[in-house]
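Shown next: input_25.cif, given as mmCIF, C-alpha atoms and all ligand atoms.
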```cif
data_target
loop_
_atom_site.label_atom_id
_atom_site.label_comp_id
_atom_site.auth_asym_id
_atom_site.auth_seq_id
_atom_site.Cartn_x
_atom_site.Cartn_y
_atom_site.Cartn_z
CA MET A 1 59.80 15.01 121.96
CA ILE A 2 56.04 15.35 122.06
CA HIS A 3 54.20 12.04 122.09
CA GLU A 4 50.96 11.33 120.30
CA ASN A 5 47.93 10.94 122.51
CA PRO A 6 46.57 7.48 121.60
CA TRP A 7 43.01 8.48 122.56
CA ILE A 8 42.83 11.32 120.09
CA GLN A 9 41.52 10.75 116.58
CA HIS A 10 41.77 13.88 114.49
CA ASP A 11 39.68 14.64 111.43
CA THR A 12 41.40 13.22 108.35
CA SER A 13 38.71 14.14 105.83
CA TYR A 14 40.90 16.73 104.10
CA PRO A 15 44.28 16.61 102.38
CA PRO A 16 47.03 17.93 104.68
CA ALA A 17 49.12 20.87 103.49
CA ARG A 18 52.06 19.88 101.32
CA GLY A 19 54.30 22.86 102.03
CA PRO A 20 54.86 25.60 104.60
CA VAL A 21 51.84 26.66 106.62
CA LEU A 22 50.85 29.82 108.45
CA LEU A 23 49.07 28.76 111.63
CA LEU A 24 46.77 31.03 113.66
CA THR A 25 45.63 29.94 117.11
CA CYS A 26 44.32 31.40 120.34
CA MET A 27 46.75 31.85 123.22
CA ASP A 28 44.99 29.45 125.61
CA ILE A 29 47.56 27.86 127.88
CA ARG A 30 45.64 24.57 128.11
CA LEU A 31 46.08 23.73 124.45
CA LEU A 32 49.60 24.74 123.49
CA ASP A 33 51.00 21.19 123.53
CA GLU A 34 47.88 19.89 121.81
CA VAL A 35 48.36 22.37 118.96
CA VAL A 36 51.93 21.15 118.42
CA ARG A 37 50.73 17.51 118.49
CA PHE A 38 48.04 18.27 115.94
CA MET A 39 50.51 19.97 113.60
CA ASP A 40 52.87 16.99 113.98
CA HIS A 41 49.94 14.72 113.13
CA ASP A 42 49.34 16.74 109.96
CA GLY A 43 52.94 16.28 108.86
CA GLN A 44 53.89 19.86 109.73
CA THR A 45 56.70 19.35 112.25
CA ASN A 46 59.01 22.39 111.99
CA ARG A 47 57.19 23.56 108.87
CA TYR A 48 54.83 26.27 110.09
CA ASP A 49 54.93 29.83 111.35
CA HIS A 50 52.72 30.21 114.43
CA LEU A 51 50.77 33.39 114.95
CA ILE A 52 48.91 33.68 118.26
CA LEU A 53 46.03 36.08 118.92
CA ALA A 54 43.44 35.74 121.68
CA GLY A 55 40.30 34.32 120.07
CA ALA A 56 42.12 33.16 116.88
CA ALA A 57 39.74 34.17 114.02
CA LEU A 58 37.76 36.57 116.22
CA GLY A 59 41.00 38.26 117.32
CA ALA A 60 42.37 38.44 113.77
CA LEU A 61 39.16 40.16 112.69
CA GLY A 62 39.68 42.80 115.40
CA GLY A 63 36.81 41.58 117.58
CA LYS A 64 33.10 41.72 116.87
CA ALA A 65 32.96 45.31 115.66
CA GLY A 66 36.54 46.53 115.47
CA GLU A 67 37.01 47.06 119.22
CA TYR A 68 40.40 45.36 118.84
CA CYS A 69 41.17 46.77 115.40
CA HIS A 70 44.90 46.95 116.22
CA TRP A 71 44.88 43.15 116.50
CA GLN A 72 43.50 43.07 112.98
CA GLU A 73 46.39 45.26 111.80
CA THR A 74 48.82 42.96 113.60
CA PHE A 75 47.34 39.94 111.87
CA ASP A 76 47.39 41.62 108.45
CA GLU A 77 51.03 42.62 108.82
CA HIS A 78 52.11 39.20 110.05
CA LEU A 79 50.22 37.54 107.21
CA GLN A 80 52.23 39.60 104.73
CA ILE A 81 55.57 39.09 106.52
CA ALA A 82 55.02 35.33 106.77
CA TYR A 83 54.20 35.26 103.08
CA ASP A 84 57.26 37.32 102.14
CA LEU A 85 59.51 35.00 104.16
CA ARG A 86 58.10 31.60 103.31
CA GLN A 87 55.54 31.86 100.50
CA PHE A 88 53.15 29.59 102.36
CA LYS A 89 50.32 28.13 100.34
CA ASP A 90 48.17 27.05 103.26
CA VAL A 91 46.70 28.84 106.24
CA TYR A 92 45.46 26.81 109.22
CA ILE A 93 43.16 28.47 111.75
CA ILE A 94 42.58 26.54 114.97
CA GLU A 95 39.62 27.73 117.02
CA HIS A 96 38.91 26.00 120.32
CA ARG A 97 36.06 25.21 122.69
CA ASP A 98 35.62 27.08 125.99
CA CYS A 99 37.54 30.05 124.57
CA GLY A 100 37.92 32.79 127.17
CA ALA A 101 38.52 35.41 124.47
CA TYR A 102 35.18 34.61 122.81
CA ALA A 103 33.50 34.97 126.21
CA LYS A 104 35.28 38.24 126.96
CA ILE A 105 34.77 39.85 123.56
CA LEU A 106 31.27 38.57 122.77
CA GLY A 107 29.82 38.23 126.28
CA PRO A 108 26.89 35.79 126.60
CA GLU A 109 26.88 35.31 122.82
CA GLY A 110 30.39 33.82 123.07
CA THR A 111 29.96 31.91 126.34
CA PHE A 112 29.01 28.26 126.14
CA GLY A 113 28.39 25.35 128.50
CA ASP A 114 28.79 21.63 127.88
CA SER A 115 25.22 20.73 126.84
CA ASP A 116 24.66 19.45 123.31
CA ALA A 117 22.73 22.60 122.46
CA ASP A 118 25.52 24.84 123.73
CA GLN A 119 28.16 22.85 121.89
CA LYS A 120 26.24 23.26 118.63
CA LYS A 121 25.93 26.99 119.23
CA GLU A 122 29.63 27.19 120.07
CA LYS A 123 30.60 25.42 116.87
CA ALA A 124 28.33 27.67 114.81
CA CYS A 125 29.79 30.77 116.47
CA HIS A 126 33.38 29.75 115.68
CA LEU A 127 32.38 28.82 112.14
CA ARG A 128 30.85 32.26 111.65
CA TYR A 129 34.07 34.09 112.50
CA ALA A 130 36.26 31.54 110.72
CA GLU A 131 34.25 32.05 107.52
CA ARG A 132 34.70 35.81 107.79
CA LEU A 133 38.43 35.40 108.19
CA HIS A 134 38.59 32.98 105.24
CA GLU A 135 36.88 35.61 103.13
CA LYS A 136 39.27 38.31 104.26
CA ILE A 137 42.39 36.20 103.67
CA GLY A 138 40.95 35.23 100.28
CA VAL A 139 40.72 38.91 99.29
CA TRP A 140 44.28 39.51 100.49
CA ALA A 141 45.51 36.47 98.54
CA LYS A 142 43.83 37.67 95.38
CA GLU A 143 45.23 41.19 95.72
CA ASN A 144 48.74 40.34 96.89
CA ALA A 145 49.74 36.78 96.21
CA LYS A 146 50.75 35.33 92.89
CA HIS A 147 49.24 31.95 93.64
CA LEU A 148 46.21 30.69 95.44
CA ILE A 149 46.13 30.18 99.17
CA ARG A 150 44.21 27.28 100.70
CA ILE A 151 42.61 27.99 104.06
CA LYS A 152 41.41 25.46 106.61
CA SER A 153 39.69 26.19 109.91
CA PHE A 154 39.47 23.69 112.72
CA LEU A 155 37.78 23.43 116.09
CA MET A 156 39.81 21.86 118.91
CA ASP A 157 38.14 20.51 122.04
CA LEU A 158 39.73 20.57 125.48
CA ARG A 159 41.22 17.10 124.95
CA GLY A 160 43.01 18.45 121.91
CA GLN A 161 40.81 16.62 119.41
CA VAL A 162 40.42 18.53 116.17
CA THR A 163 37.60 18.62 113.63
CA LEU A 164 37.49 20.53 110.37
CA LEU A 165 35.19 23.57 110.46
CA HIS A 166 35.65 25.12 107.04
CA HIS A 167 37.85 24.59 104.02
CA THR A 168 38.45 27.08 101.22
CA PRO A 169 39.83 25.14 98.25
CA PRO A 170 41.58 26.65 95.23
CA GLU A 171 39.54 28.98 93.07
CA GLY A 172 37.37 27.31 90.50
CA HIS A 173 35.84 24.85 92.95
CA PRO A 174 32.85 25.62 95.13
CA PRO A 175 33.81 26.06 98.78
CA LYS A 176 33.22 22.95 100.86
CA THR A 177 31.63 23.93 104.13
CA ARG A 178 30.85 21.78 107.11
CA ARG A 179 27.99 23.43 108.85
CA ALA A 180 27.50 22.99 112.56
CA ARG A 181 25.12 20.15 113.19
ZN ZN B 201 40.85 30.95 123.41
#
```

What would you get if you wrote out this structure as C-alpha cells?
Ligand SMILES: [Zn+2]
Amino acid sequence: MIHENPWIQHDTSYPPARGPVLLLTCMDIRLLDEVVRFMDHDGQTNRYDHLILAGAALGALGGKAGEYCHWQETFDEHLQIAYDLRQFKDVYIIEHRDCGAYAKILGPEGTFGDSDADQKKEKACHLRYAERLHEKIGVWAKENAKHLIRIKSFLMDLRGQVTLLHHTPPEGHPPKTRRAR
C-alpha cells in the first residue's frame, strides 16, 4: 500500500475525472511513487492506463521539431489503443520540474535552476508543450471519438506536489488556462 504524504497538498481547483483515465508521464525514476500517490489522491486507484514517454508532452509531440517523431507515432497509437480498450473520457498529462528529457531535447531552453525566475520559465515551458499536446489530442478526439475528451495537464515538483497547468473542458466552453505567473 502506498501511503499519502501528509506534507503534500495537491491542487484541488478542478473536478477529478469520473471514469477511466489515460495518464501520460515522463519516465523519471524519482517521481514514480509520487505519480501513483497523486492518482490515488484523485480517486483513480486502479482506474487509469499509464503511458510513459521521456519528457511527457514534449516526448508525445516527438520533440521540439520532430527529432523523435517515432515517439509521436507511439503516443498516437497508444492513445487509440487505450481508447479502443477503455473508452476513457479524460486524459491526464503530468509534466515535472527538473526534467532531464526537457534538458536533453531542448538544451539551455529546457534547462532550469531553482531561482524564482527559472521556475517561472520552467512552468511556462511545460505549459507551452502541454498546450500543443492538448490541441493535438483535441483534434484526434474530434476526428475519432464519439464523445468529448477532457484533458488536464499538471506540473509536479520534486516533492511530488502537483499543480494544474492547463485544462481543456468540453466543447462549448472557453478553455480555462492557468498561465505561468
Ligand atoms: Zn522528465

Let me see if you get this right: every residue at most 8 Å from ligand ZN 201 (chain B), counting only C-alpha atoms and all ligand atoms, written as a PyMOL selection string. chain A and resi 25-28+54-56+95-102

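With all atoms listed in the file as the basis for measurement, A:Lys89 is the residue among A:Lys104, A:Lys89, A:Lys142, A:His126 that approaches Pro20 in chain A most closely.
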
Near-Glu73 in chain A list (12 Å; all atoms listed in the file; drop same-chain fewer than 2 positions) as JSON, numbers by chain: {"A": [53, 59, 60, 61, 62, 63, 66, 68, 69, 70, 71, 75, 76, 77, 78, 79, 80]}

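Compared by their closest atoms to Lys152 in chain A, and using all atoms listed in the file, the residues A:Asp11, A:Asp84, A:Glu34, A:Glu109 rank with A:Asp11 nearest.
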
Rounded to one decimal place, report the CA of Glu131 in chain A-CA of Ser153 in chain A distance in Å. 8.3 Å

Please report the interatomic distance between CA of Ala57 in chain A and CA of Thr168 in chain A in Å with one decimal. 14.7 Å

CA of Arg37 in chain A to CA of Leu58 in chain A measures 23.2 Å

Which protein, DNA or RNA residues are at most 12 Å from (25.4, 26.1, 121.2) in the file's coordinates when you count all atoms listed in the file, listed as a PyMOL selection string? chain A and resi 97-98+108-127+180-181

May I ask which of the residues A:Leu31, A:Val91, A:Leu155, A:Leu148 is the closest one to Pro16 in chain A, counting all atoms listed in the file?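 Smallest separation from Pro16 in chain A among the options: A:Val91.
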
Proximity to Gln72 in chain A - best of A:His50, A:Gln87, A:Phe154, A:Leu133, all atoms listed in the file: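 Ranking A:His50, A:Gln87, A:Phe154, A:Leu133 by distance to Gln72 in chain A, first place goes to A:Leu133.
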
Counting only C-alpha atoms, which of A:Lys64, A:Arg132, A:His147, A:Arg47 gets nearest to Ile93 in chain A?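 Between A:Lys64, A:Arg132, A:His147, A:Arg47, the residue approaching Ile93 in chain A most closely is A:Arg132.
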
Taking 6 positions as the minimum chain separation for residues in the same chain, which residues sit within 7 Å of range 6-10 of chain A when counting all atoms listed in the file? Answer as a ChimeraX atom specification. /A:161-163

Neighbouring residues of Gly43 in chain A were defined as those with any atom within 12 Å, considering all atoms listed in the file; residues of the same chain fewer than 6 positions away were excluded. Please report them as a PDB file with C-alpha atoms, keeping the file's coordinate frame.
```pdb
ATOM      1  CA  THR A  12      41.400  13.220 108.350  1.00  0.00           C
ATOM      2  CA  PRO A  15      44.280  16.610 102.380  1.00  0.00           C
ATOM      3  CA  PRO A  16      47.030  17.930 104.680  1.00  0.00           C
ATOM      4  CA  ALA A  17      49.120  20.870 103.490  1.00  0.00           C
ATOM      5  CA  ARG A  18      52.060  19.880 101.320  1.00  0.00           C
ATOM      6  CA  GLY A  19      54.300  22.860 102.030  1.00  0.00           C
ATOM      7  CA  PRO A  20      54.860  25.600 104.600  1.00  0.00           C
ATOM      8  CA  VAL A  21      51.840  26.660 106.620  1.00  0.00           C
ATOM      9  CA  VAL A  36      51.930  21.150 118.420  1.00  0.00           C
ATOM     10  CA  ARG A  37      50.730  17.510 118.490  1.00  0.00           C
TER      11      ARG A  37
END
```

Taking only C-alpha atoms into account, which of A:Ile94, A:Leu23, A:Leu32, A:Met156 comes nearest Tyr129 in chain A? A:Ile94

My structure is short of atoms at range 125-159 of chain A; please model N, CA and C atoms there, returning them as a PDB file, keeping the file's coordinate frame.
```
ATOM      1  N   CYS A 125      29.191  29.464 116.201  1.00  0.00           N
ATOM      2  CA  CYS A 125      29.790  30.770 116.470  1.00  0.00           C
ATOM      3  C   CYS A 125      31.228  30.822 115.920  1.00  0.00           C
ATOM      4  N   HIS A 126      31.998  29.778 116.186  1.00  0.00           N
ATOM      5  CA  HIS A 126      33.380  29.750 115.680  1.00  0.00           C
ATOM      6  C   HIS A 126      33.400  29.681 114.151  1.00  0.00           C
ATOM      7  N   LEU A 127      32.457  28.915 113.603  1.00  0.00           N
ATOM      8  CA  LEU A 127      32.380  28.820 112.140  1.00  0.00           C
ATOM      9  C   LEU A 127      32.102  30.184 111.520  1.00  0.00           C
ATOM     10  N   ARG A 128      31.223  30.934 112.160  1.00  0.00           N
ATOM     11  CA  ARG A 128      30.850  32.260 111.650  1.00  0.00           C
ATOM     12  C   ARG A 128      32.088  33.163 111.514  1.00  0.00           C
ATOM     13  N   TYR A 129      32.890  33.218 112.552  1.00  0.00           N
ATOM     14  CA  TYR A 129      34.070  34.090 112.500  1.00  0.00           C
ATOM     15  C   TYR A 129      35.163  33.489 111.614  1.00  0.00           C
ATOM     16  N   ALA A 130      35.273  32.180 111.600  1.00  0.00           N
ATOM     17  CA  ALA A 130      36.260  31.540 110.720  1.00  0.00           C
ATOM     18  C   ALA A 130      35.924  31.848 109.259  1.00  0.00           C
ATOM     19  N   GLU A 131      34.644  31.761 108.908  1.00  0.00           N
ATOM     20  CA  GLU A 131      34.250  32.050 107.520  1.00  0.00           C
ATOM     21  C   GLU A 131      34.598  33.479 107.134  1.00  0.00           C
ATOM     22  N   ARG A 132      34.368  34.406 108.075  1.00  0.00           N
ATOM     23  CA  ARG A 132      34.700  35.810 107.790  1.00  0.00           C
ATOM     24  C   ARG A 132      36.187  35.982 107.553  1.00  0.00           C
ATOM     25  N   LEU A 133      36.981  35.274 108.355  1.00  0.00           N
ATOM     26  CA  LEU A 133      38.430  35.400 108.190  1.00  0.00           C
ATOM     27  C   LEU A 133      38.893  34.728 106.890  1.00  0.00           C
ATOM     28  N   HIS A 134      38.267  33.612 106.530  1.00  0.00           N
ATOM     29  CA  HIS A 134      38.590  32.980 105.240  1.00  0.00           C
ATOM     30  C   HIS A 134      38.374  33.986 104.113  1.00  0.00           C
ATOM     31  N   GLU A 135      37.233  34.670 104.187  1.00  0.00           N
ATOM     32  CA  GLU A 135      36.880  35.610 103.130  1.00  0.00           C
ATOM     33  C   GLU A 135      37.932  36.717 103.042  1.00  0.00           C
ATOM     34  N   LYS A 136      38.313  37.211 104.203  1.00  0.00           N
ATOM     35  CA  LYS A 136      39.270  38.310 104.260  1.00  0.00           C
ATOM     36  C   LYS A 136      40.651  37.869 103.730  1.00  0.00           C
ATOM     37  N   ILE A 137      41.089  36.695 104.146  1.00  0.00           N
ATOM     38  CA  ILE A 137      42.390  36.200 103.670  1.00  0.00           C
ATOM     39  C   ILE A 137      42.308  35.936 102.161  1.00  0.00           C
ATOM     40  N   GLY A 138      41.145  35.478 101.714  1.00  0.00           N
ATOM     41  CA  GLY A 138      40.950  35.230 100.280  1.00  0.00           C
ATOM     42  C   GLY A 138      41.114  36.518  99.473  1.00  0.00           C
ATOM     43  N   VAL A 139      40.579  37.614  99.976  1.00  0.00           N
ATOM     44  CA  VAL A 139      40.720  38.910  99.290  1.00  0.00           C
ATOM     45  C   VAL A 139      42.180  39.324  99.266  1.00  0.00           C
ATOM     46  N   TRP A 140      42.848  39.182 100.414  1.00  0.00           N
ATOM     47  CA  TRP A 140      44.280  39.510 100.490  1.00  0.00           C
ATOM     48  C   TRP A 140      45.080  38.676  99.477  1.00  0.00           C
ATOM     49  N   ALA A 141      44.764  37.367  99.429  1.00  0.00           N
ATOM     50  CA  ALA A 141      45.510  36.470  98.540  1.00  0.00           C
ATOM     51  C   ALA A 141      45.335  36.904  97.080  1.00  0.00           C
ATOM     52  N   LYS A 142      44.115  37.268  96.749  1.00  0.00           N
ATOM     53  CA  LYS A 142      43.830  37.670  95.380  1.00  0.00           C
ATOM     54  C   LYS A 142      44.579  38.965  95.037  1.00  0.00           C
ATOM     55  N   GLU A 143      44.613  39.881  95.979  1.00  0.00           N
ATOM     56  CA  GLU A 143      45.230  41.190  95.720  1.00  0.00           C
ATOM     57  C   GLU A 143      46.751  41.131  95.771  1.00  0.00           C
ATOM     58  N   ASN A 144      47.307  40.276  96.618  1.00  0.00           N
ATOM     59  CA  ASN A 144      48.740  40.340  96.890  1.00  0.00           C
ATOM     60  C   ASN A 144      49.555  39.117  96.482  1.00  0.00           C
ATOM     61  N   ALA A 145      48.950  37.991  96.435  1.00  0.00           N
ATOM     62  CA  ALA A 145      49.740  36.780  96.210  1.00  0.00           C
ATOM     63  C   ALA A 145      49.667  36.377  94.744  1.00  0.00           C
ATOM     64  N   LYS A 146      50.712  35.754  94.287  1.00  0.00           N
ATOM     65  CA  LYS A 146      50.750  35.330  92.890  1.00  0.00           C
ATOM     66  C   LYS A 146      50.088  33.974  92.695  1.00  0.00           C
ATOM     67  N   HIS A 147      49.901  33.253  93.769  1.00  0.00           N
ATOM     68  CA  HIS A 147      49.240  31.950  93.640  1.00  0.00           C
ATOM     69  C   HIS A 147      48.124  31.860  94.678  1.00  0.00           C
ATOM     70  N   LEU A 148      47.376  30.827  94.576  1.00  0.00           N
ATOM     71  CA  LEU A 148      46.210  30.690  95.440  1.00  0.00           C
ATOM     72  C   LEU A 148      46.582  30.143  96.807  1.00  0.00           C
ATOM     73  N   ILE A 149      45.904  30.622  97.804  1.00  0.00           N
ATOM     74  CA  ILE A 149      46.130  30.180  99.170  1.00  0.00           C
ATOM     75  C   ILE A 149      44.954  29.300  99.593  1.00  0.00           C
ATOM     76  N   ARG A 150      45.264  28.135 100.155  1.00  0.00           N
ATOM     77  CA  ARG A 150      44.210  27.280 100.700  1.00  0.00           C
ATOM     78  C   ARG A 150      44.071  27.586 102.191  1.00  0.00           C
ATOM     79  N   ILE A 151      42.840  27.635 102.655  1.00  0.00           N
ATOM     80  CA  ILE A 151      42.610  27.990 104.060  1.00  0.00           C
ATOM     81  C   ILE A 151      41.747  26.912 104.700  1.00  0.00           C
ATOM     82  N   LYS A 152      42.195  26.453 105.863  1.00  0.00           N
ATOM     83  CA  LYS A 152      41.410  25.460 106.610  1.00  0.00           C
ATOM     84  C   LYS A 152      41.206  25.981 108.025  1.00  0.00           C
ATOM     85  N   SER A 153      39.974  25.863 108.508  1.00  0.00           N
ATOM     86  CA  SER A 153      39.690  26.190 109.910  1.00  0.00           C
ATOM     87  C   SER A 153      39.302  24.931 110.643  1.00  0.00           C
ATOM     88  N   PHE A 154      39.731  24.869 111.892  1.00  0.00           N
ATOM     89  CA  PHE A 154      39.470  23.690 112.720  1.00  0.00           C
ATOM     90  C   PHE A 154      38.890  24.138 114.056  1.00  0.00           C
ATOM     91  N   LEU A 155      38.232  23.189 114.715  1.00  0.00           N
ATOM     92  CA  LEU A 155      37.780  23.430 116.090  1.00  0.00           C
ATOM     93  C   LEU A 155      38.411  22.350 116.972  1.00  0.00           C
ATOM     94  N   MET A 156      39.146  22.798 117.993  1.00  0.00           N
ATOM     95  CA  MET A 156      39.810  21.860 118.910  1.00  0.00           C
ATOM     96  C   MET A 156      39.014  21.807 120.213  1.00  0.00           C
ATOM     97  N   ASP A 157      38.797  20.586 120.733  1.00  0.00           N
ATOM     98  CA  ASP A 157      38.140  20.510 122.040  1.00  0.00           C
ATOM     99  C   ASP A 157      39.208  20.504 123.141  1.00  0.00           C
ATOM    100  N   LEU A 158      38.765  20.412 124.377  1.00  0.00           N
ATOM    101  CA  LEU A 158      39.730  20.570 125.480  1.00  0.00           C
ATOM    102  C   LEU A 158      40.586  19.330 125.702  1.00  0.00           C
ATOM    103  N   ARG A 159      40.287  18.243 124.944  1.00  0.00           N
ATOM    104  CA  ARG A 159      41.220  17.100 124.950  1.00  0.00           C
ATOM    105  C   ARG A 159      42.259  17.242 123.855  1.00  0.00           C
TER     106      ARG A 159
END
```
